[in-house]
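Here's target_34.tsv, which has TSV, N, CA and C atoms:
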chain	number	residue	atom	x	y	z
A	1	MET	N	0.84	-1.18	0.00
A	1	MET	CA	0.00	0.00	0.00
A	1	MET	C	0.89	1.24	0.00
A	2	SER	N	0.48	2.22	-0.73
A	2	SER	CA	1.29	3.42	-0.91
A	2	SER	C	1.21	4.38	0.27
A	3	GLY	N	0.34	4.12	1.24
A	3	GLY	CA	0.15	5.05	2.34
A	3	GLY	C	-0.81	6.17	1.98
A	4	LYS	N	-1.34	6.13	0.78
A	4	LYS	CA	-2.31	7.12	0.35
A	4	LYS	C	-3.72	6.59	0.60
A	5	ARG	N	-4.60	7.51	0.85
A	5	ARG	CA	-5.95	7.17	1.25
A	5	ARG	C	-6.94	7.61	0.18
A	6	ALA	N	-8.03	6.87	0.06
A	6	ALA	CA	-9.16	7.24	-0.79
A	6	ALA	C	-10.34	7.49	0.13
A	7	LEU	N	-10.73	8.75	0.27
A	7	LEU	CA	-11.88	9.11	1.08
A	7	LEU	C	-13.14	8.81	0.27
A	8	ILE	N	-14.02	7.99	0.83
A	8	ILE	CA	-15.28	7.64	0.18
A	8	ILE	C	-16.38	8.31	0.99
A	9	LEU	N	-16.90	9.42	0.47
A	9	LEU	CA	-17.95	10.14	1.18
A	9	LEU	C	-19.30	9.57	0.77
A	10	LEU	N	-20.05	9.12	1.77
A	10	LEU	CA	-21.32	8.44	1.58
A	10	LEU	C	-22.43	9.23	2.25
A	11	GLY	N	-23.65	9.03	1.79
A	11	GLY	CA	-24.79	9.55	2.51
A	11	GLY	C	-25.79	10.24	1.62
A	12	GLY	N	-26.98	10.36	2.17
A	12	GLY	CA	-28.08	10.97	1.45
A	12	GLY	C	-29.29	10.08	1.51
A	13	THR	N	-29.90	9.84	0.36
A	13	THR	CA	-31.15	9.10	0.33
A	13	THR	C	-31.13	8.04	-0.77
A	14	TRP	N	-31.99	7.05	-0.60
A	14	TRP	CA	-32.39	6.09	-1.62
A	14	TRP	C	-31.34	5.06	-2.03
A	15	HIS	N	-30.12	5.12	-1.63
A	15	HIS	CA	-29.08	4.23	-2.14
A	15	HIS	C	-28.46	3.37	-1.04
A	16	ASP	N	-27.84	2.28	-1.44
A	16	ASP	CA	-27.16	1.36	-0.52
A	16	ASP	C	-25.72	1.83	-0.36
A	17	PHE	N	-25.54	2.81	0.51
A	17	PHE	CA	-24.22	3.41	0.68
A	17	PHE	C	-23.21	2.42	1.27
A	18	ALA	N	-23.61	1.67	2.28
A	18	ALA	CA	-22.71	0.69	2.89
A	18	ALA	C	-22.33	-0.40	1.88
A	19	GLY	N	-23.30	-0.85	1.10
A	19	GLY	CA	-23.02	-1.86	0.08
A	19	GLY	C	-22.04	-1.37	-0.95
A	20	PHE	N	-22.20	-0.12	-1.37
A	20	PHE	CA	-21.27	0.47	-2.33
A	20	PHE	C	-19.87	0.51	-1.75
A	21	ALA	N	-19.74	1.01	-0.52
A	21	ALA	CA	-18.42	1.09	0.11
A	21	ALA	C	-17.77	-0.29	0.21
A	22	GLY	N	-18.57	-1.30	0.56
A	22	GLY	CA	-18.05	-2.66	0.65
A	22	GLY	C	-17.59	-3.21	-0.69
A	23	SER	N	-18.26	-2.80	-1.75
A	23	SER	CA	-17.90	-3.28	-3.09
A	23	SER	C	-16.69	-2.57	-3.68
A	24	VAL	N	-16.60	-1.27	-3.46
A	24	VAL	CA	-15.53	-0.50	-4.09
A	24	VAL	C	-14.22	-0.54	-3.28
A	25	SER	N	-14.30	-0.78	-1.99
A	25	SER	CA	-13.09	-0.76	-1.16
A	25	SER	C	-12.02	-1.74	-1.62
A	26	PRO	N	-12.35	-3.00	-1.96
A	26	PRO	CA	-11.31	-3.91	-2.44
A	26	PRO	C	-10.68	-3.45	-3.76
A	27	LEU	N	-11.47	-2.79	-4.60
A	27	LEU	CA	-10.93	-2.28	-5.87
A	27	LEU	C	-9.91	-1.18	-5.62
A	28	LEU	N	-10.22	-0.29	-4.69
A	28	LEU	CA	-9.28	0.78	-4.35
A	28	LEU	C	-8.02	0.21	-3.70
A	29	ALA	N	-8.20	-0.74	-2.80
A	29	ALA	CA	-7.06	-1.36	-2.13
A	29	ALA	C	-6.14	-2.05	-3.14
A	30	ALA	N	-6.72	-2.67	-4.15
A	30	ALA	CA	-5.92	-3.34	-5.18
A	30	ALA	C	-5.07	-2.34	-5.96
A	31	GLU	N	-5.48	-1.08	-5.96
A	31	GLU	CA	-4.72	-0.03	-6.63
A	31	GLU	C	-3.80	0.72	-5.68
A	32	GLY	N	-3.65	0.21	-4.46
A	32	GLY	CA	-2.72	0.79	-3.51
A	32	GLY	C	-3.28	1.94	-2.69
A	33	LEU	N	-4.59	2.10	-2.70
A	33	LEU	CA	-5.21	3.16	-1.92
A	33	LEU	C	-5.93	2.56	-0.71
A	34	ALA	N	-5.74	3.14	0.44
A	34	ALA	CA	-6.43	2.69	1.64
A	34	ALA	C	-7.83	3.30	1.66
A	35	PRO	N	-8.88	2.49	1.47
A	35	PRO	CA	-10.23	3.04	1.46
A	35	PRO	C	-10.63	3.57	2.83
A	36	ALA	N	-11.23	4.75	2.84
A	36	ALA	CA	-11.67	5.38	4.09
A	36	ALA	C	-13.13	5.83	3.93
A	37	PRO	N	-14.08	4.88	4.04
A	37	PRO	CA	-15.48	5.25	3.91
A	37	PRO	C	-15.95	6.05	5.12
A	38	THR	N	-16.78	7.05	4.86
A	38	THR	CA	-17.32	7.87	5.96
A	38	THR	C	-18.65	8.48	5.56
A	39	TYR	N	-19.47	8.70	6.57
A	39	TYR	CA	-20.71	9.46	6.40
A	39	TYR	C	-20.53	10.88	6.94
A	40	ASP	N	-19.32	11.22	7.34
A	40	ASP	CA	-19.03	12.51	7.97
A	40	ASP	C	-18.48	13.50	6.94
A	41	PRO	N	-19.30	14.42	6.44
A	41	PRO	CA	-18.81	15.36	5.44
A	41	PRO	C	-17.75	16.32	5.97
A	42	ASP	N	-17.60	16.42	7.29
A	42	ASP	CA	-16.52	17.25	7.83
A	42	ASP	C	-15.14	16.70	7.51
A	43	GLU	N	-15.07	15.46	7.04
A	43	GLU	CA	-13.78	14.92	6.58
A	43	GLU	C	-13.23	15.76	5.43
A	44	LEU	N	-14.11	16.42	4.68
A	44	LEU	CA	-13.65	17.30	3.59
A	44	LEU	C	-12.86	18.48	4.13
A	45	LEU	N	-13.13	18.88	5.36
A	45	LEU	CA	-12.41	20.00	5.96
A	45	LEU	C	-10.99	19.62	6.34
A	46	ARG	N	-10.69	18.32	6.34
A	46	ARG	CA	-9.36	17.84	6.75
A	46	ARG	C	-8.51	17.36	5.57
A	47	LEU	N	-8.92	17.68	4.35
A	47	LEU	CA	-8.19	17.22	3.17
A	47	LEU	C	-6.83	17.91	3.01
A	48	SER	N	-6.78	19.17	3.28
A	48	SER	CA	-5.57	19.96	3.06
A	48	SER	C	-4.41	19.42	3.88
A	49	GLY	N	-3.31	19.15	3.20
A	49	GLY	CA	-2.11	18.69	3.88
A	49	GLY	C	-2.15	17.26	4.35
A	50	GLY	N	-3.21	16.54	4.01
A	50	GLY	CA	-3.34	15.16	4.47
A	50	GLY	C	-2.79	14.16	3.48
A	51	ASP	N	-3.12	12.91	3.73
A	51	ASP	CA	-2.62	11.80	2.92
A	51	ASP	C	-3.63	11.33	1.88
A	52	CYS	N	-4.69	12.10	1.67
A	52	CYS	CA	-5.74	11.69	0.76
A	52	CYS	C	-5.34	11.94	-0.70
A	53	GLU	N	-5.48	10.92	-1.53
A	53	GLU	CA	-5.17	11.03	-2.94
A	53	GLU	C	-6.43	11.13	-3.81
A	54	LEU	N	-7.53	10.59	-3.31
A	54	LEU	CA	-8.78	10.54	-4.06
A	54	LEU	C	-9.95	10.78	-3.13
A	55	VAL	N	-10.88	11.61	-3.58
A	55	VAL	CA	-12.19	11.72	-2.92
A	55	VAL	C	-13.20	11.13	-3.88
A	56	LEU	N	-13.90	10.12	-3.40
A	56	LEU	CA	-14.93	9.46	-4.18
A	56	LEU	C	-16.27	9.83	-3.54
A	57	LEU	N	-17.11	10.54	-4.27
A	57	LEU	CA	-18.43	10.92	-3.76
A	57	LEU	C	-19.46	9.90	-4.23
A	58	TYR	N	-20.05	9.20	-3.29
A	58	TYR	CA	-21.22	8.38	-3.58
A	58	TYR	C	-22.31	8.89	-2.65
A	59	THR	N	-22.89	9.99	-3.07
A	59	THR	CA	-23.88	10.68	-2.28
A	59	THR	C	-25.13	10.88	-3.12
A	60	CYS	N	-26.22	11.14	-2.45
A	60	CYS	CA	-27.48	11.51	-3.09
A	60	CYS	C	-28.12	12.48	-2.12
A	61	LEU	N	-27.66	13.72	-2.16
A	61	LEU	CA	-28.00	14.69	-1.13
A	61	LEU	C	-29.45	15.14	-1.23
A	62	GLY	N	-30.08	15.26	-0.09
A	62	GLY	CA	-31.46	15.72	-0.03
A	62	GLY	C	-32.22	15.02	1.08
A	63	ARG	N	-33.36	15.57	1.37
A	63	ARG	CA	-34.21	14.99	2.42
A	63	ARG	C	-35.27	14.10	1.77
A	64	ALA	N	-35.51	12.97	2.38
A	64	ALA	CA	-36.56	12.08	1.88
A	64	ALA	C	-37.35	11.54	3.06
A	65	GLU	N	-38.63	11.48	2.91
A	65	GLU	CA	-39.48	10.91	3.95
A	65	GLU	C	-39.12	9.45	4.15
A	66	GLY	N	-39.06	9.05	5.39
A	66	GLY	CA	-38.83	7.65	5.70
A	66	GLY	C	-37.37	7.25	5.71
A	67	ASN	N	-36.45	8.17	5.49
A	67	ASN	CA	-35.04	7.82	5.54
A	67	ASN	C	-34.60	7.82	7.00
A	68	THR	N	-34.64	6.66	7.61
A	68	THR	CA	-34.37	6.56	9.05
A	68	THR	C	-33.12	5.76	9.36
A	69	ASP	N	-32.31	5.48	8.35
A	69	ASP	CA	-31.13	4.64	8.60
A	69	ASP	C	-29.91	5.42	9.04
A	70	GLY	N	-30.03	6.71	9.26
A	70	GLY	CA	-28.90	7.50	9.74
A	70	GLY	C	-27.98	7.99	8.65
A	71	THR	N	-28.26	7.68	7.39
A	71	THR	CA	-27.39	8.09	6.31
A	71	THR	C	-27.85	9.38	5.64
A	72	GLY	N	-28.98	9.93	6.07
A	72	GLY	CA	-29.54	11.13	5.45
A	72	GLY	C	-28.58	12.31	5.53
A	73	LEU	N	-28.39	12.96	4.43
A	73	LEU	CA	-27.53	14.13	4.36
A	73	LEU	C	-28.17	15.07	3.35
A	74	ALA	N	-28.68	16.21	3.82
A	74	ALA	CA	-29.43	17.11	2.96
A	74	ALA	C	-28.52	17.95	2.06
A	75	LYS	N	-27.34	18.31	2.58
A	75	LYS	CA	-26.47	19.17	1.79
A	75	LYS	C	-25.06	19.15	2.37
A	76	LEU	N	-24.13	19.66	1.59
A	76	LEU	CA	-22.80	19.96	2.09
A	76	LEU	C	-22.78	21.45	2.41
A	77	THR	N	-22.07	21.83	3.45
A	77	THR	CA	-21.97	23.24	3.82
A	77	THR	C	-21.05	23.96	2.85
A	78	ASP	N	-21.16	25.27	2.84
A	78	ASP	CA	-20.27	26.07	1.99
A	78	ASP	C	-18.81	25.82	2.35
A	79	ALA	N	-18.50	25.68	3.65
A	79	ALA	CA	-17.12	25.42	4.07
A	79	ALA	C	-16.62	24.07	3.57
A	80	GLN	N	-17.47	23.05	3.62
A	80	GLN	CA	-17.08	21.72	3.12
A	80	GLN	C	-16.82	21.75	1.62
A	81	ILE	N	-17.70	22.45	0.89
A	81	ILE	CA	-17.53	22.55	-0.55
A	81	ILE	C	-16.28	23.35	-0.89
A	82	GLU	N	-16.05	24.44	-0.20
A	82	GLU	CA	-14.86	25.25	-0.46
A	82	GLU	C	-13.59	24.45	-0.19
A	83	ALA	N	-13.58	23.66	0.87
A	83	ALA	CA	-12.41	22.82	1.16
A	83	ALA	C	-12.17	21.82	0.04
A	84	LEU	N	-13.25	21.21	-0.47
A	84	LEU	CA	-13.13	20.25	-1.57
A	84	LEU	C	-12.66	20.94	-2.85
A	85	VAL	N	-13.24	22.08	-3.17
A	85	VAL	CA	-12.85	22.84	-4.37
A	85	VAL	C	-11.37	23.20	-4.30
A	86	THR	N	-10.93	23.73	-3.17
A	86	THR	CA	-9.53	24.12	-3.00
A	86	THR	C	-8.61	22.93	-3.15
A	87	TRP	N	-9.00	21.80	-2.57
A	87	TRP	CA	-8.18	20.59	-2.63
A	87	TRP	C	-8.08	20.09	-4.07
A	88	VAL	N	-9.20	20.06	-4.80
A	88	VAL	CA	-9.20	19.61	-6.19
A	88	VAL	C	-8.37	20.56	-7.06
A	89	HIS	N	-8.56	21.85	-6.89
A	89	HIS	CA	-7.80	22.83	-7.68
A	89	HIS	C	-6.31	22.78	-7.36
A	90	GLY	N	-5.97	22.23	-6.19
A	90	GLY	CA	-4.57	22.05	-5.81
A	90	GLY	C	-3.98	20.74	-6.30
A	91	GLY	N	-4.76	19.94	-7.03
A	91	GLY	CA	-4.25	18.71	-7.60
A	91	GLY	C	-4.89	17.43	-7.10
A	92	GLY	N	-5.83	17.53	-6.16
A	92	GLY	CA	-6.50	16.34	-5.66
A	92	GLY	C	-7.44	15.75	-6.70
A	93	ALA	N	-7.64	14.44	-6.63
A	93	ALA	CA	-8.50	13.74	-7.59
A	93	ALA	C	-9.89	13.56	-7.00
A	94	LEU	N	-10.90	13.88	-7.80
A	94	LEU	CA	-12.30	13.75	-7.38
A	94	LEU	C	-13.03	12.86	-8.38
A	95	LEU	N	-13.79	11.91	-7.85
A	95	LEU	CA	-14.62	11.05	-8.69
A	95	LEU	C	-16.03	11.04	-8.10
A	96	GLY	N	-16.98	11.56	-8.86
A	96	GLY	CA	-18.38	11.53	-8.47
A	96	GLY	C	-19.04	10.33	-9.12
A	97	VAL	N	-19.65	9.47	-8.31
A	97	VAL	CA	-20.22	8.22	-8.81
A	97	VAL	C	-21.75	8.24	-8.72
A	98	HIS	N	-22.38	7.75	-9.75
A	98	HIS	CA	-23.82	7.52	-9.86
A	98	HIS	C	-24.64	8.75	-9.51
A	99	SER	N	-25.03	8.89	-8.25
A	99	SER	CA	-25.96	9.95	-7.87
A	99	SER	C	-25.27	11.17	-7.27
A	100	ALA	N	-23.98	11.28	-7.42
A	100	ALA	CA	-23.23	12.37	-6.79
A	100	ALA	C	-23.65	13.75	-7.28
A	101	THR	N	-24.29	13.83	-8.44
A	101	THR	CA	-24.72	15.13	-8.94
A	101	THR	C	-26.05	15.59	-8.33
A	102	VAL	N	-26.64	14.77	-7.46
A	102	VAL	CA	-27.83	15.20	-6.73
A	102	VAL	C	-27.33	16.11	-5.59
A	103	MET	N	-27.58	17.40	-5.72
A	103	MET	CA	-26.99	18.41	-4.85
A	103	MET	C	-27.77	18.68	-3.57
A	104	GLY	N	-29.04	18.32	-3.54
A	104	GLY	CA	-29.85	18.70	-2.39
A	104	GLY	C	-29.88	20.22	-2.27
A	105	GLU	N	-29.62	20.70	-1.08
A	105	GLU	CA	-29.64	22.14	-0.81
A	105	GLU	C	-28.24	22.74	-0.85
A	106	SER	N	-27.29	22.04	-1.43
A	106	SER	CA	-25.90	22.51	-1.45
A	106	SER	C	-25.71	23.69	-2.39
A	107	SER	N	-24.63	24.40	-2.17
A	107	SER	CA	-24.24	25.52	-3.01
A	107	SER	C	-24.01	25.05	-4.45
A	108	PRO	N	-24.35	25.90	-5.43
A	108	PRO	CA	-24.08	25.56	-6.83
A	108	PRO	C	-22.60	25.30	-7.13
A	109	ALA	N	-21.73	25.71	-6.23
A	109	ALA	CA	-20.30	25.47	-6.43
A	109	ALA	C	-19.99	23.98	-6.51
A	110	LEU	N	-20.77	23.16	-5.83
A	110	LEU	CA	-20.56	21.71	-5.90
A	110	LEU	C	-20.89	21.20	-7.30
A	111	GLY	N	-21.99	21.66	-7.86
A	111	GLY	CA	-22.36	21.29	-9.22
A	111	GLY	C	-21.33	21.74	-10.22
A	112	ALA	N	-20.78	22.93	-10.03
A	112	ALA	CA	-19.74	23.44	-10.92
A	112	ALA	C	-18.50	22.57	-10.84
A	113	LEU	N	-18.15	22.13	-9.64
A	113	LEU	CA	-16.97	21.27	-9.47
A	113	LEU	C	-17.16	19.93	-10.18
A	114	LEU	N	-18.37	19.38	-10.10
A	114	LEU	CA	-18.65	18.09	-10.73
A	114	LEU	C	-18.95	18.20	-12.22
A	115	GLY	N	-19.23	19.41	-12.68
A	115	GLY	CA	-19.50	19.60	-14.10
A	115	GLY	C	-20.96	19.46	-14.48
A	116	GLY	N	-21.84	19.38	-13.50
A	116	GLY	CA	-23.26	19.29	-13.80
A	116	GLY	C	-24.04	18.93	-12.56
A	117	THR	N	-25.35	19.04	-12.67
A	117	THR	CA	-26.23	18.69	-11.56
A	117	THR	C	-27.39	17.84	-12.04
A	118	PHE	N	-27.92	17.08	-11.14
A	118	PHE	CA	-29.07	16.22	-11.39
A	118	PHE	C	-30.30	17.09	-11.67
A	119	VAL	N	-31.10	16.70	-12.64
A	119	VAL	CA	-32.30	17.46	-13.00
A	119	VAL	C	-33.55	16.71	-12.57
A	120	SER	N	-33.71	15.46	-13.00
A	120	SER	CA	-34.91	14.72	-12.63
A	120	SER	C	-34.66	13.22	-12.78
A	121	HIS	N	-35.61	12.46	-12.28
A	121	HIS	CA	-35.51	11.01	-12.28
A	121	HIS	C	-36.88	10.46	-12.71
A	122	PRO	N	-36.90	9.42	-13.50
A	122	PRO	CA	-38.20	8.82	-13.81
A	122	PRO	C	-38.81	8.21	-12.55
A	123	ALA	N	-40.07	7.86	-12.62
A	123	ALA	CA	-40.75	7.25	-11.49
A	123	ALA	C	-40.01	5.99	-11.04
A	124	ARG	N	-40.03	5.75	-9.72
A	124	ARG	CA	-39.40	4.55	-9.17
A	124	ARG	C	-40.17	3.31	-9.61
A	125	HIS	N	-39.44	2.24	-9.80
A	125	HIS	CA	-40.06	0.96	-10.17
A	125	HIS	C	-40.07	0.04	-8.96
A	126	ALA	N	-41.06	-0.78	-8.88
A	126	ALA	CA	-41.18	-1.72	-7.75
A	126	ALA	C	-40.19	-2.85	-7.89
Starting from the coordinates I provided, produce the structure as structure tokens.
Amino acid sequence: MSGKRALILLGGTWHDFAGFAGSVSPLLAAEGLAPAPTYDPDELLRLSGGDCELVLLYTCLGRAEGNTDGTGLAKLTDAQIEALVTWVHGGGALLGVHSATVMGESSPALGALLGGTFVSHPARHA
């Protein structure tokens, strides 16, 4: 292992965040990155000067009725987004996966960093 870490930021609504982290962690480890899954968006505030090489966003930000599993995350704060933007502009690698463009109530700066935002979704299927 290279001693470098891959921060996997999880949380929001509708998705199997723990299952995703369990599936992607061995892939990251095989590439020499120590997977660091978290539901704590304040980890973004600690990126500067750290050992993180990759931030992987698997989030679906927003409030949903019935989300009682503790993974609900409505938005990232302006400070969290600014820390991520600064880190990426300084050379950090960011990968937004699947629903990461669902911004919830977050600042448009997050959408600008990812290159787009979620617009709509077809009806859910049973």
What is the atom N of Val119 (chain A) to CA of Thr38 (chain A) distance in Å? 24.8 Å
Skip region 20-33 of chain A itself and residues of its chain fewer than 3 positions away, then list as a list in words all residues within 9 Å of it, counting only C-alpha atoms. Met1, Ser2, Gly3, Lys4, Arg5, Ala6, Ile8, Leu10, His15, Asp16, Phe17, Ala36, Pro37, Cys52, Glu53, Leu54 and Tyr58 of chain A
Identify, on the basis of only N, CA and C atoms, every residue whose closest approach to Leu73 (chain A) does not exceed 6 Å; exclude the query and any residue fewer than 3 positions from it along the same chain; express the result as a VMD selection string. chain A and resid 11 to 13 61 to 63
DSSP says helix (DSSP H, G or I) for which residues of chain A? Put them as a VMD selection string? chain A and resid 17 to 30 41 to 46 78 to 89 108 to 114
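Counting all atoms listed in the file and comparing A:Thr86, A:Asp78, A:Cys60, A:Pro35, the residue that lies closest to Ser48 (chain A) is A:Thr86.
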Per DSSP on the backbone, filter chain A down to the residues in strand (DSSP E) and report them as a ChimeraX atom specification. /A:4-12,33-38,52-60,93-96
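For the pair CA of Leu76 (chain A) and atom N of Ser107 (chain A), the interatomic distance is 6.4 Å.
CA of Leu113 (chain A) lies 10.5 Å from CA of Leu95 (chain A).
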Given all atoms listed in the file as the basis, pick out the residue of A:Ala123, A:Leu110, A:Leu7, A:Ala79 nearest to Leu45 (chain A). A:Ala79
Any chance you could work out the axis-aligned box around region 71-90 of chain A, listed atoms only, 6 Å on each side, giving centre and edge lengths in Å to one decimal, as lines of an AutoDock Vina configuration file?
center_x = -16.8
center_y = 16.9
center_z = -0.1
size_x = 37.6
size_y = 30.4
size_z = 27.1
